[in-house]
Each structure stands twice: as structure tokens, then as C-alpha cells.
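Pasting upload_2.tsv here (TSV, C-alpha atoms):
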```
chain	number	residue	atom	x	y	z
A	1	GLY	CA	35.54	9.31	87.19
A	2	LEU	CA	35.55	7.42	83.90
A	3	ASP	CA	31.75	7.26	83.93
A	4	TYR	CA	31.75	10.80	82.59
A	5	ALA	CA	34.03	10.17	79.64
A	6	PRO	CA	31.42	8.69	77.23
A	7	ALA	CA	29.06	11.58	78.06
A	8	GLN	CA	31.85	14.14	77.53
A	9	TYR	CA	32.67	12.47	74.22
A	10	ALA	CA	28.98	12.64	73.23
A	11	VAL	CA	28.86	16.38	74.02
A	12	GLY	CA	32.02	16.86	71.91
A	13	PHE	CA	30.34	15.03	69.04
A	14	ILE	CA	27.23	17.21	69.33
A	15	TYR	CA	29.34	20.37	69.03
A	16	GLU	CA	31.52	18.93	66.25
A	17	GLN	CA	28.49	17.99	64.14
A	18	GLY	CA	26.28	20.92	65.16
A	19	LEU	CA	23.44	18.62	66.25
A	20	GLY	CA	20.73	20.92	67.61
A	21	VAL	CA	23.41	23.46	68.61
A	22	GLU	CA	25.57	25.81	66.62
A	23	ARG	CA	28.60	23.93	65.35
A	24	ASN	CA	31.57	24.86	67.51
A	25	PHE	CA	34.93	23.18	67.07
A	26	ASP	CA	36.50	24.87	70.11
A	27	ASP	CA	33.82	23.40	72.34
A	28	ALA	CA	34.07	20.03	70.56
A	29	VAL	CA	37.83	19.88	71.18
A	30	MET	CA	37.35	20.92	74.82
A	31	TRP	CA	34.84	18.11	75.50
A	32	TYR	CA	36.78	15.53	73.49
A	33	GLY	CA	39.85	16.62	75.48
A	34	LYS	CA	38.10	15.99	78.81
A	35	ALA	CA	37.14	12.49	77.71
A	36	ALA	CA	40.58	11.81	76.17
A	37	GLU	CA	42.36	12.86	79.38
A	38	GLN	CA	40.39	10.08	81.11
A	39	ASN	CA	41.83	7.63	78.58
A	40	TYR	CA	38.60	7.30	76.61
A	41	ILE	CA	39.93	5.78	73.38
A	42	PRO	CA	37.36	7.12	70.85
A	43	ALA	CA	38.10	10.67	72.08
A	44	GLN	CA	41.85	10.14	71.79
A	45	ASN	CA	41.51	8.91	68.21
A	46	ILE	CA	39.20	11.73	67.10
A	47	LEU	CA	41.60	14.31	68.58
A	48	GLY	CA	44.48	12.57	66.83
A	49	PHE	CA	42.57	12.90	63.56
A	50	MET	CA	41.50	16.54	64.11
A	51	TYR	CA	45.05	17.64	64.88
A	52	ARG	CA	46.50	15.59	62.02
A	53	VAL	CA	44.37	17.16	59.30
A	54	GLY	CA	43.71	20.50	60.99
A	55	TYR	CA	39.99	19.78	61.14
A	56	GLY	CA	38.43	22.50	63.32
A	57	VAL	CA	41.81	23.15	65.01
A	58	GLY	CA	45.22	24.34	63.86
A	59	GLN	CA	47.10	21.39	62.38
A	60	ASN	CA	49.48	20.10	65.07
A	61	VAL	CA	51.33	16.90	64.29
A	62	GLY	CA	52.92	16.63	67.74
A	63	GLU	CA	49.51	16.85	69.38
A	64	SER	CA	48.11	14.33	66.91
A	65	ILE	CA	50.85	11.80	67.61
A	66	LYS	CA	50.44	12.36	71.35
A	67	TRP	CA	46.76	11.34	71.29
A	68	TYR	CA	47.23	8.43	68.91
A	69	ARG	CA	50.04	7.19	71.17
A	70	ARG	CA	47.76	7.37	74.21
A	71	ALA	CA	45.16	5.26	72.38
A	72	ALA	CA	47.83	2.85	71.11
A	73	ALA	CA	49.27	2.52	74.62
A	74	GLN	CA	45.93	0.99	75.59
A	75	GLY	CA	46.28	-1.58	72.81
A	76	ASP	CA	43.83	0.20	70.50
A	77	ALA	CA	44.29	-1.01	66.92
A	78	ALA	CA	42.89	2.17	65.28
A	79	GLY	CA	45.44	4.25	67.21
A	80	GLU	CA	48.25	1.87	66.30
A	81	ASN	CA	47.27	1.92	62.62
A	82	ALA	CA	47.06	5.74	62.65
A	83	LEU	CA	50.61	5.96	64.06
A	84	GLY	CA	51.79	3.64	61.28
A	85	TYR	CA	50.16	5.97	58.75
A	86	MET	CA	51.83	9.04	60.32
A	87	TYR	CA	55.28	7.46	60.05
A	88	GLN	CA	54.69	5.96	56.59
A	89	ASN	CA	53.71	9.37	55.21
A	90	GLY	CA	56.28	11.43	57.09
A	91	PHE	CA	53.98	13.62	59.19
A	92	GLY	CA	56.04	15.99	61.32
A	93	ASP	CA	59.25	14.10	60.70
A	94	ARG	CA	60.98	12.33	57.88
A	95	LYS	CA	59.30	9.13	56.75
A	96	ASN	CA	60.26	6.14	58.84
A	97	PHE	CA	59.03	2.92	57.29
A	98	GLN	CA	60.57	0.75	60.03
A	99	ILE	CA	58.54	2.47	62.76
A	100	ALA	CA	55.47	2.46	60.48
A	101	GLU	CA	55.87	-1.28	60.01
A	102	ARG	CA	56.10	-1.82	63.79
A	103	TRP	CA	52.84	0.03	64.46
A	104	TYR	CA	51.03	-1.58	61.52
A	105	ARG	CA	52.11	-5.00	62.76
A	106	LYS	CA	50.70	-4.33	66.25
A	107	ALA	CA	47.37	-3.23	64.77
A	108	ALA	CA	47.37	-6.07	62.22
A	109	GLU	CA	47.94	-8.62	64.96
A	110	HIS	CA	44.98	-7.05	66.77
A	111	GLY	CA	42.93	-7.98	63.68
A	112	TYR	CA	42.62	-4.47	62.20
A	113	ALA	CA	41.95	-4.93	58.45
A	114	ASP	CA	43.37	-1.56	57.29
A	115	ALA	CA	46.62	-2.30	59.13
A	116	GLN	CA	46.79	-5.81	57.65
A	117	TYR	CA	46.49	-4.23	54.20
A	118	ASN	CA	49.05	-1.50	55.01
A	119	LEU	CA	51.51	-4.06	56.33
A	120	GLY	CA	51.05	-6.19	53.20
A	121	TYR	CA	51.79	-3.12	51.06
A	122	ILE	CA	55.00	-2.38	52.99
A	123	PHE	CA	56.18	-5.97	52.36
A	124	GLU	CA	55.07	-6.05	48.71
A	125	TYR	CA	57.11	-2.94	47.90
A	126	GLY	CA	59.96	-3.57	50.35
A	127	LEU	CA	59.51	-0.17	51.99
A	128	ALA	CA	60.92	-1.10	55.41
A	129	SER	CA	63.18	-4.02	54.48
A	130	ALA	CA	63.67	-6.39	51.55
A	131	LYS	CA	60.58	-7.10	49.41
A	132	ASP	CA	58.75	-10.15	50.69
A	133	GLU	CA	55.78	-11.11	48.52
A	134	ALA	CA	54.97	-14.20	50.59
A	135	GLU	CA	54.65	-12.01	53.70
A	136	ALA	CA	52.63	-9.44	51.71
A	137	VAL	CA	50.23	-12.18	50.60
A	138	LYS	CA	49.81	-13.41	54.16
A	139	TRP	CA	48.62	-9.98	55.33
A	140	TYR	CA	46.59	-9.18	52.20
A	141	GLN	CA	44.75	-12.48	52.66
A	142	GLN	CA	43.88	-11.63	56.25
A	143	ALA	CA	42.56	-8.22	55.18
A	144	SER	CA	40.73	-9.75	52.20
A	145	VAL	CA	38.96	-12.28	54.45
A	146	GLN	CA	37.67	-9.27	56.41
A	147	GLY	CA	36.29	-7.71	53.21
A	148	HIS	CA	39.01	-5.10	52.59
A	149	ALA	CA	38.38	-3.88	49.03
A	150	THR	CA	41.94	-2.82	48.16
A	151	ALA	CA	43.35	-6.06	49.57
A	152	HIS	CA	41.02	-7.98	47.20
A	153	TYR	CA	42.51	-5.90	44.35
A	154	ARG	CA	46.18	-6.41	45.27
A	155	LEU	CA	45.69	-10.17	45.73
A	156	GLY	CA	43.85	-10.29	42.41
A	157	LEU	CA	46.83	-8.67	40.68
A	158	MET	CA	49.21	-11.19	42.23
A	159	TYR	CA	47.08	-14.09	40.94
A	160	GLU	CA	46.72	-12.49	37.51
A	161	GLU	CA	50.46	-11.76	37.18
A	162	GLY	CA	51.52	-15.06	38.74
A	163	ARG	CA	53.43	-13.48	41.61
A	164	ASN	CA	53.79	-15.81	44.60
A	165	PHE	CA	51.07	-17.98	42.98
A	166	SER	CA	50.82	-19.80	39.71
A	167	ARG	CA	48.89	-17.57	37.31
A	168	ASP	CA	45.16	-17.88	37.86
A	169	ALA	CA	42.99	-15.41	35.95
A	170	ALA	CA	39.76	-16.98	37.26
A	171	ARG	CA	40.85	-16.47	40.88
A	172	ALA	CA	41.92	-12.92	39.96
A	173	ALA	CA	38.52	-12.19	38.39
A	174	ASP	CA	36.80	-13.47	41.51
A	175	LEU	CA	38.86	-11.18	43.78
A	176	TYR	CA	38.41	-8.20	41.44
A	177	ARG	CA	34.65	-8.74	41.54
A	178	LYS	CA	34.69	-8.68	45.34
A	179	GLY	CA	36.62	-5.41	45.31
A	180	ALA	CA	34.45	-3.97	42.51
A	181	GLU	CA	31.25	-4.68	44.39
A	182	LEU	CA	32.69	-2.81	47.39
A	183	GLY	CA	33.17	0.22	45.12
A	184	ASN	CA	36.95	0.01	44.61
A	185	PRO	CA	37.68	1.75	41.25
A	186	ASP	CA	40.90	-0.20	40.55
A	187	SER	CA	39.04	-3.49	41.05
A	188	GLN	CA	36.21	-2.26	38.82
A	189	PHE	CA	38.70	-1.44	36.05
A	190	ALA	CA	40.51	-4.78	36.41
A	191	LEU	CA	37.25	-6.75	36.35
A	192	ALA	CA	36.06	-4.82	33.28
A	193	ARG	CA	39.38	-5.55	31.55
A	194	LEU	CA	39.00	-9.32	32.13
A	195	LEU	CA	35.31	-9.25	31.11
A	196	GLU	CA	36.18	-7.41	27.88
A	197	ALA	CA	38.94	-9.91	27.04
A	198	GLY	CA	37.09	-12.99	28.32
A	199	GLN	CA	40.10	-13.85	30.47
A	200	GLY	CA	39.46	-16.04	33.50
A	201	ILE	CA	35.78	-15.23	33.08
A	202	GLN	CA	33.11	-15.49	30.36
A	203	GLN	CA	33.45	-12.53	27.97
A	204	ASN	CA	30.67	-10.00	28.58
A	205	LEU	CA	30.97	-6.60	26.90
A	206	ASN	CA	27.81	-5.21	28.49
A	207	GLU	CA	29.04	-5.96	31.95
A	208	ALA	CA	32.54	-4.74	31.10
A	209	LEU	CA	31.06	-1.40	30.00
A	210	ASP	CA	29.10	-1.17	33.20
A	211	TRP	CA	32.20	-1.63	35.41
A	212	TYR	CA	34.33	0.70	33.25
A	213	ARG	CA	31.62	3.35	33.71
A	214	LYS	CA	31.42	2.88	37.47
A	215	SER	CA	35.18	3.16	37.72
A	216	ALA	CA	35.39	6.11	35.28
A	217	ASN	CA	32.73	7.98	37.23
A	218	GLN	CA	34.97	7.66	40.28
A	219	GLY	CA	37.72	9.40	38.30
A	220	SER	CA	39.76	6.40	37.10
A	221	ALA	CA	41.72	7.67	34.09
A	222	VAL	CA	42.46	4.16	32.76
A	223	SER	CA	38.74	3.38	32.76
A	224	GLN	CA	37.91	6.68	31.06
A	225	ASP	CA	40.48	5.90	28.36
A	226	SER	CA	39.09	2.36	27.93
A	227	LEU	CA	35.56	3.72	27.50
A	228	GLY	CA	36.90	6.12	24.89
A	229	THR	CA	38.35	3.17	22.95
A	230	LEU	CA	35.09	1.17	23.12
A	231	TYR	CA	33.09	4.15	21.82
A	232	GLU	CA	35.66	5.00	19.15
A	233	GLN	CA	35.71	1.44	17.82
A	234	GLY	CA	32.04	0.61	18.50
A	235	ILE	CA	32.87	-2.41	20.68
A	236	GLY	CA	29.78	-3.50	22.62
A	237	VAL	CA	28.21	-0.08	21.95
A	238	LYS	CA	27.13	1.97	18.98
A	239	GLN	CA	30.19	3.81	17.65
A	240	ASP	CA	30.16	7.42	18.91
A	241	LEU	CA	33.27	9.47	18.17
A	242	ALA	CA	32.08	12.56	20.05
A	243	LEU	CA	31.51	10.51	23.19
A	244	ALA	CA	34.84	8.72	22.69
A	245	TYR	CA	36.51	12.14	22.54
A	246	GLN	CA	34.81	13.24	25.79
A	247	TRP	CA	36.12	10.18	27.66
A	248	TYR	CA	39.63	10.60	26.22
A	249	GLU	CA	39.52	14.26	27.22
A	250	LEU	CA	38.65	13.41	30.85
A	251	ALA	CA	41.52	10.91	31.07
A	252	ALA	CA	43.96	13.16	29.18
A	253	ASN	CA	43.25	16.00	31.61
A	254	GLN	CA	44.52	13.67	34.35
A	255	GLY	CA	47.76	13.19	32.42
A	256	ASN	CA	46.98	9.69	31.10
A	257	LEU	CA	49.47	9.28	28.22
A	258	ASN	CA	47.44	6.72	26.24
A	259	ALA	CA	44.41	9.00	26.36
A	260	ILE	CA	46.47	11.98	25.20
A	261	ARG	CA	47.63	9.92	22.18
A	262	HIS	CA	44.12	8.64	21.50
A	263	ARG	CA	42.63	12.12	21.69
A	264	THR	CA	45.27	13.46	19.27
A	265	ARG	CA	44.57	10.62	16.84
A	266	LEU	CA	40.80	11.13	17.01
A	267	THR	CA	40.65	14.94	16.77
A	268	PRO	CA	41.07	15.23	12.94
A	269	GLN	CA	38.06	12.89	12.44
A	270	LEU	CA	35.71	15.14	14.36
A	271	SER	CA	33.75	18.16	13.18
A	272	SER	CA	34.01	21.35	15.24
A	273	ASP	CA	30.47	20.62	16.49
A	274	ASP	CA	31.72	17.42	18.13
A	275	LEU	CA	34.49	19.14	20.08
```
Mind turning the file's structure into C-alpha cells?
Amino acid sequence: GLDYAPAQYAVGFIYEQGLGVERNFDDAVMWYGKAAEQNYIPAQNILGFMYRVGYGVGQNVGESIKWYRRAAAQGDAAGENALGYMYQNGFGDRKNFQIAERWYRKAAEHGYADAQYNLGYIFEYGLASAKDEAEAVKWYQQASVQGHATAHYRLGLMYEEGRNFSRDAARAADLYRKGAELGNPDSQFALARLLEAGQGIQQNLNEALDWYRKSANQGSAVSQDSLGTLYEQGIGVKQDLALAYQWYELAANQGNLNAIRHRTRLTPQLSSDDL
């Protein structure tokens, strides 16, 4: 009976992770499968994931959708959100934003923060129907209240740009800080930008540098380019053209057009030792 499903799931996990046994994906899938067949939701979702990305099994979108559907049929928000993601990104079929929206809405109404964010995004960009920023805000706010880092960022942008709200840089800075502290690189960049300019927040170059660095170290090209500019011009730091060049180079290698221009402008000022 169902009593066995959590134990079967646990055995699957042991094989998947190789905890005290040799890692064995075939055995993991077999045990997860036994639990999933008994409608054990965590097993259905992990199988959905493994088949979606081809993790330890051959990628099989049909099989992935099957298991996510079985979880979703039980009202599981993670399964519903995963189905939304499959349809939004066109796994196995052409993209279908209308179906994605339907699944995200189910999960969002079940209080699932990722789905609330995803639904907000679909409304902000009008992917499934006409753009609806008021509806986007409604869902972003619900995700933000639950501590969703990217939702903090998108709401912050809307306050900063005065979309659906009157412009409010202080409110934007507050939301960016929440996202930044959760490690979101876009929020870190946006907060640094406001701190550097003293917009909506007391100007603080030291703190701006700190957030630019955190964001740049996560691969944000705009932050890498901004650091390059601060080092090139000696703003808040000792001027260091070689270091400026290194930051421009990192951003330029990601195709950032400003950084490519900045690097080109800076190159003649450097000795061959600096390059």
C-alpha cells in the first residue's frame, strides 16, 4: 500500500545520491518509479525533472510531462508550475503560452512563489494575451511577499521606471536591496547603480562597489562594465587602468557592447605589461 511509497522514494534518493552505496541512476529511477506509481508526489516530480533534463536517464519529454501531470492532477503546485515551464519553453512541442499561463495560475493560486513570479512575467510581457502590467504587479507582489528574489527585482524596476506606479526610487532601492541580499545579480547591479548615483538612497560609493563586485562575480556583464568604469575613472577607488581593462574584458567577452567600446578606448593608454 501507500505506506511503502515514502520508503521507496528514500531508497531511490540513496541510489541517486550514492549515499553509502554506489551511485546508480537505473536503480534510483526504478525505486522512484515504484513510489510514483503509488501517487507519491515527490517521486513524481523528481521523475519529471530527471526525464526533462536527461539527468541519469535518456531525456524523454513525454515521460516528463506524464509524471508532472500526475503530480498536478493531485493539486501539487510544484507539478503545476513545472508543466507551465514546459509549455512556456516549448519542451517537446511548440511553445504554448496560453497553456503555460493556465498551469502557472493553478500553482500561483496554490501559493507557489515561483509560479506567481512566472505568471507575473507572462502578464508583464503579454506572452499569452495582451500586456497587463496591473495583473503582473499583483502576482509579483504575491511572490515578493514570499521572498522571491527576482520578483523583488521586477517590482523594483516598475517603481523606478514609474510603470503602474508613480515613480518611486526609494521604494525601488528598498526592493533591490531585498533581492540583492538574496543573491540576485540583477538586483545587486540595480542597487549598486542607485547607490552610486545617490538616487532614492544616500549615495555610498563603497557600498556600490561592493554590490557591483558581488554581481560581477556572478557573471553580470553590466556590473563588470560598471566596475571597469569606476577603476578607469578612479571613482570611489584608486584609479587602476589595468584592473579596469580586466573588468571590461570580462564583460566584452560576454558581448556587452558598452564594454567592447570601453575596452577599445582604454587599450591605447595601456602598456603591453598591463594587457
### Query
Which polymer residues have any atom within 9 Å of an atom of segment 104-110 of chain A, counting all atoms listed in the file, with same-chain residues fewer than 6 positions away left out, as a list in words?
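These residues fall inside the cut-off: Ala72, Gly75, Asp76, Ala77, Ala78, Gly79, Glu80, Asn81, Ala82, Leu83, Gly84, Tyr85, Gln116, Tyr117, Asn118, Leu119, Trp139, Gln142 and Ala143 of chain A.
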### Task
In Å, rounded to a single decimal, give me how far atom CA of His262 of chain A is from atom CA of Gly228 of chain A.
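These atoms are spaced 8.4 Å apart.
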### Query
Nearest to Asp168 of chain A: which of A:Gly183, A:Gly18, A:Gly236, A:Gly156 is it, counting only C-alpha atoms?
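Closest residue, counting only C-alpha atoms: A:Gly156.
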### Message
Applying 8 Å and all atoms listed in the file, which residues near Ala5 of chain A remain after dropping the ones on its own chain fewer than 6 positions away? List them as a ChimeraX atom specification.
### Response
/A:34-36,38,40
#### Entry: Between atom CA of Gly162 of chain A and atom CA of Arg177 of chain A, distance in Å (one decimal)
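It comes out at 18.2 Å.
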### Task
Tell me, as number ranges by chain, which residues lie within 12 Å of segment 51-56 of chain A, counting all atoms listed in the file; anything in the same chain fewer than 6 positions away does not count.
A: 15-17, 23-30, 33, 44-45, 62-68, 82-83, 85-86, 89-92
Just the selected residues (C-alpha atoms), exported as a JSON list (two decimals), in the frame of the given file, please.
```json
[["chain", "number", "residue", "atom", "x", "y", "z"],
["A", 15, "TYR", "CA", 29.34, 20.37, 69.03],
["A", 16, "GLU", "CA", 31.52, 18.93, 66.25],
["A", 17, "GLN", "CA", 28.49, 17.99, 64.14],
["A", 23, "ARG", "CA", 28.60, 23.93, 65.35],
["A", 24, "ASN", "CA", 31.57, 24.86, 67.51],
["A", 25, "PHE", "CA", 34.93, 23.18, 67.07],
["A", 26, "ASP", "CA", 36.50, 24.87, 70.11],
["A", 27, "ASP", "CA", 33.82, 23.40, 72.34],
["A", 28, "ALA", "CA", 34.07, 20.03, 70.56],
["A", 29, "VAL", "CA", 37.83, 19.88, 71.18],
["A", 30, "MET", "CA", 37.35, 20.92, 74.82],
["A", 33, "GLY", "CA", 39.85, 16.62, 75.48],
["A", 44, "GLN", "CA", 41.85, 10.14, 71.79],
["A", 45, "ASN", "CA", 41.51, 8.91, 68.21],
["A", 62, "GLY", "CA", 52.92, 16.63, 67.74],
["A", 63, "GLU", "CA", 49.51, 16.85, 69.38],
["A", 64, "SER", "CA", 48.11, 14.33, 66.91],
["A", 65, "ILE", "CA", 50.85, 11.80, 67.61],
["A", 66, "LYS", "CA", 50.44, 12.36, 71.35],
["A", 67, "TRP", "CA", 46.76, 11.34, 71.29],
["A", 68, "TYR", "CA", 47.23, 8.43, 68.91],
["A", 82, "ALA", "CA", 47.06, 5.74, 62.65],
["A", 83, "LEU", "CA", 50.61, 5.96, 64.06],
["A", 85, "TYR", "CA", 50.16, 5.97, 58.75],
["A", 86, "MET", "CA", 51.83, 9.04, 60.32],
["A", 89, "ASN", "CA", 53.71, 9.37, 55.21],
["A", 90, "GLY", "CA", 56.28, 11.43, 57.09],
["A", 91, "PHE", "CA", 53.98, 13.62, 59.19],
["A", 92, "GLY", "CA", 56.04, 15.99, 61.32]]
```
Point (39.5, 4.7, 35.7) neighbourhood (12 Å, only C-alpha atoms) written as a JSON list (two decimals) with C-alpha atoms, in the coordinates of the input:
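Produced file result_36.json, reproduced below:
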```
[["chain", "number", "residue", "atom", "x", "y", "z"],
["A", 184, "ASN", "CA", 36.95, 0.01, 44.61],
["A", 185, "PRO", "CA", 37.68, 1.75, 41.25],
["A", 186, "ASP", "CA", 40.90, -0.20, 40.55],
["A", 187, "SER", "CA", 39.04, -3.49, 41.05],
["A", 188, "GLN", "CA", 36.21, -2.26, 38.82],
["A", 189, "PHE", "CA", 38.70, -1.44, 36.05],
["A", 190, "ALA", "CA", 40.51, -4.78, 36.41],
["A", 191, "LEU", "CA", 37.25, -6.75, 36.35],
["A", 192, "ALA", "CA", 36.06, -4.82, 33.28],
["A", 193, "ARG", "CA", 39.38, -5.55, 31.55],
["A", 209, "LEU", "CA", 31.06, -1.40, 30.00],
["A", 211, "TRP", "CA", 32.20, -1.63, 35.41],
["A", 212, "TYR", "CA", 34.33, 0.70, 33.25],
["A", 213, "ARG", "CA", 31.62, 3.35, 33.71],
["A", 214, "LYS", "CA", 31.42, 2.88, 37.47],
["A", 215, "SER", "CA", 35.18, 3.16, 37.72],
["A", 216, "ALA", "CA", 35.39, 6.11, 35.28],
["A", 217, "ASN", "CA", 32.73, 7.98, 37.23],
["A", 218, "GLN", "CA", 34.97, 7.66, 40.28],
["A", 219, "GLY", "CA", 37.72, 9.40, 38.30],
["A", 220, "SER", "CA", 39.76, 6.40, 37.10],
["A", 221, "ALA", "CA", 41.72, 7.67, 34.09],
["A", 222, "VAL", "CA", 42.46, 4.16, 32.76],
["A", 223, "SER", "CA", 38.74, 3.38, 32.76],
["A", 224, "GLN", "CA", 37.91, 6.68, 31.06],
["A", 225, "ASP", "CA", 40.48, 5.90, 28.36],
["A", 226, "SER", "CA", 39.09, 2.36, 27.93],
["A", 227, "LEU", "CA", 35.56, 3.72, 27.50],
["A", 228, "GLY", "CA", 36.90, 6.12, 24.89],
["A", 247, "TRP", "CA", 36.12, 10.18, 27.66],
["A", 248, "TYR", "CA", 39.63, 10.60, 26.22],
["A", 250, "LEU", "CA", 38.65, 13.41, 30.85],
["A", 251, "ALA", "CA", 41.52, 10.91, 31.07],
["A", 252, "ALA", "CA", 43.96, 13.16, 29.18],
["A", 254, "GLN", "CA", 44.52, 13.67, 34.35],
["A", 256, "ASN", "CA", 46.98, 9.69, 31.10],
["A", 259, "ALA", "CA", 44.41, 9.00, 26.36]]
```
### Task
Select, from A:Ala130, A:Ile235, A:Val61, A:Ala71, the residue with the minimum atom-to-atom distance to Ala43 of chain A, counting all atoms listed in the file.
A:Ala71
### Task
Mind giving me the straight-line distance from atom CA of Glu249 of chain A to atom CA of Glu207 of chain A in Å, one decimal?
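Atom-to-atom, atom CA of Glu249 of chain A to atom CA of Glu207 of chain A, that is 23.3 Å.
The nearest approach to Tyr121 of chain A among the residues A:Phe49, A:Phe165, A:Tyr245, A:Phe97, with all atoms listed in the file taken into account, belongs to A:Phe97.
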#### Entry: Pick from A:Gln59, A:Thr229, A:Gln141, A:Thr150 nearest to Arg263 of chain A, counting only C-alpha atoms
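Checking each of A:Gln59, A:Thr229, A:Gln141, A:Thr150 against Arg263 of chain A, counting only C-alpha atoms, the winner is A:Thr229.
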#### Entry: Selection near Leu241 of chain A, 9 Å with only C-alpha atoms, sequence-local residues under 4 positions removed, as a list in words
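Counting only the stated atoms, we get Gly228, Tyr231, Glu232, Gln233, Gly234, Tyr245, Gln246, Leu266, Gln269, Leu270 and Asp274 of chain A.
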### Task
In the coordinate frame of the file, compute which residues have an atom within 10 Å of (38.0, -7.5, 56.8) when using all atoms listed in the file, and state them as a ChimeraX atom specification.
/A:111-114,116-117,140-149,151
### Task
Find the spatial neighbours of Phe123 of chain A, counting all atoms listed in the file, within a cut-off of 9 Å - ignore same-chain residues fewer than 4 positions away - and output them as a list in words.
Glu101, Asn118, Leu119, Leu127, Ala128, Ser129, Ala130, Lys131, Asp132, Glu133, Ala134, Glu135, Ala136 and Val137 of chain A
Please write out, as lines of an AutoDock Vina configuration file, where the centre of an axis-aligned box around all listed atoms of segment 89-106 of chain A lies and how long its edges are, in Å to one decimal, after adding 3 Å on each side.
```
center_x = 55.8
center_y = 5.5
center_z = 60.7
size_x = 16.3
size_y = 27.0
size_z = 17.0
```
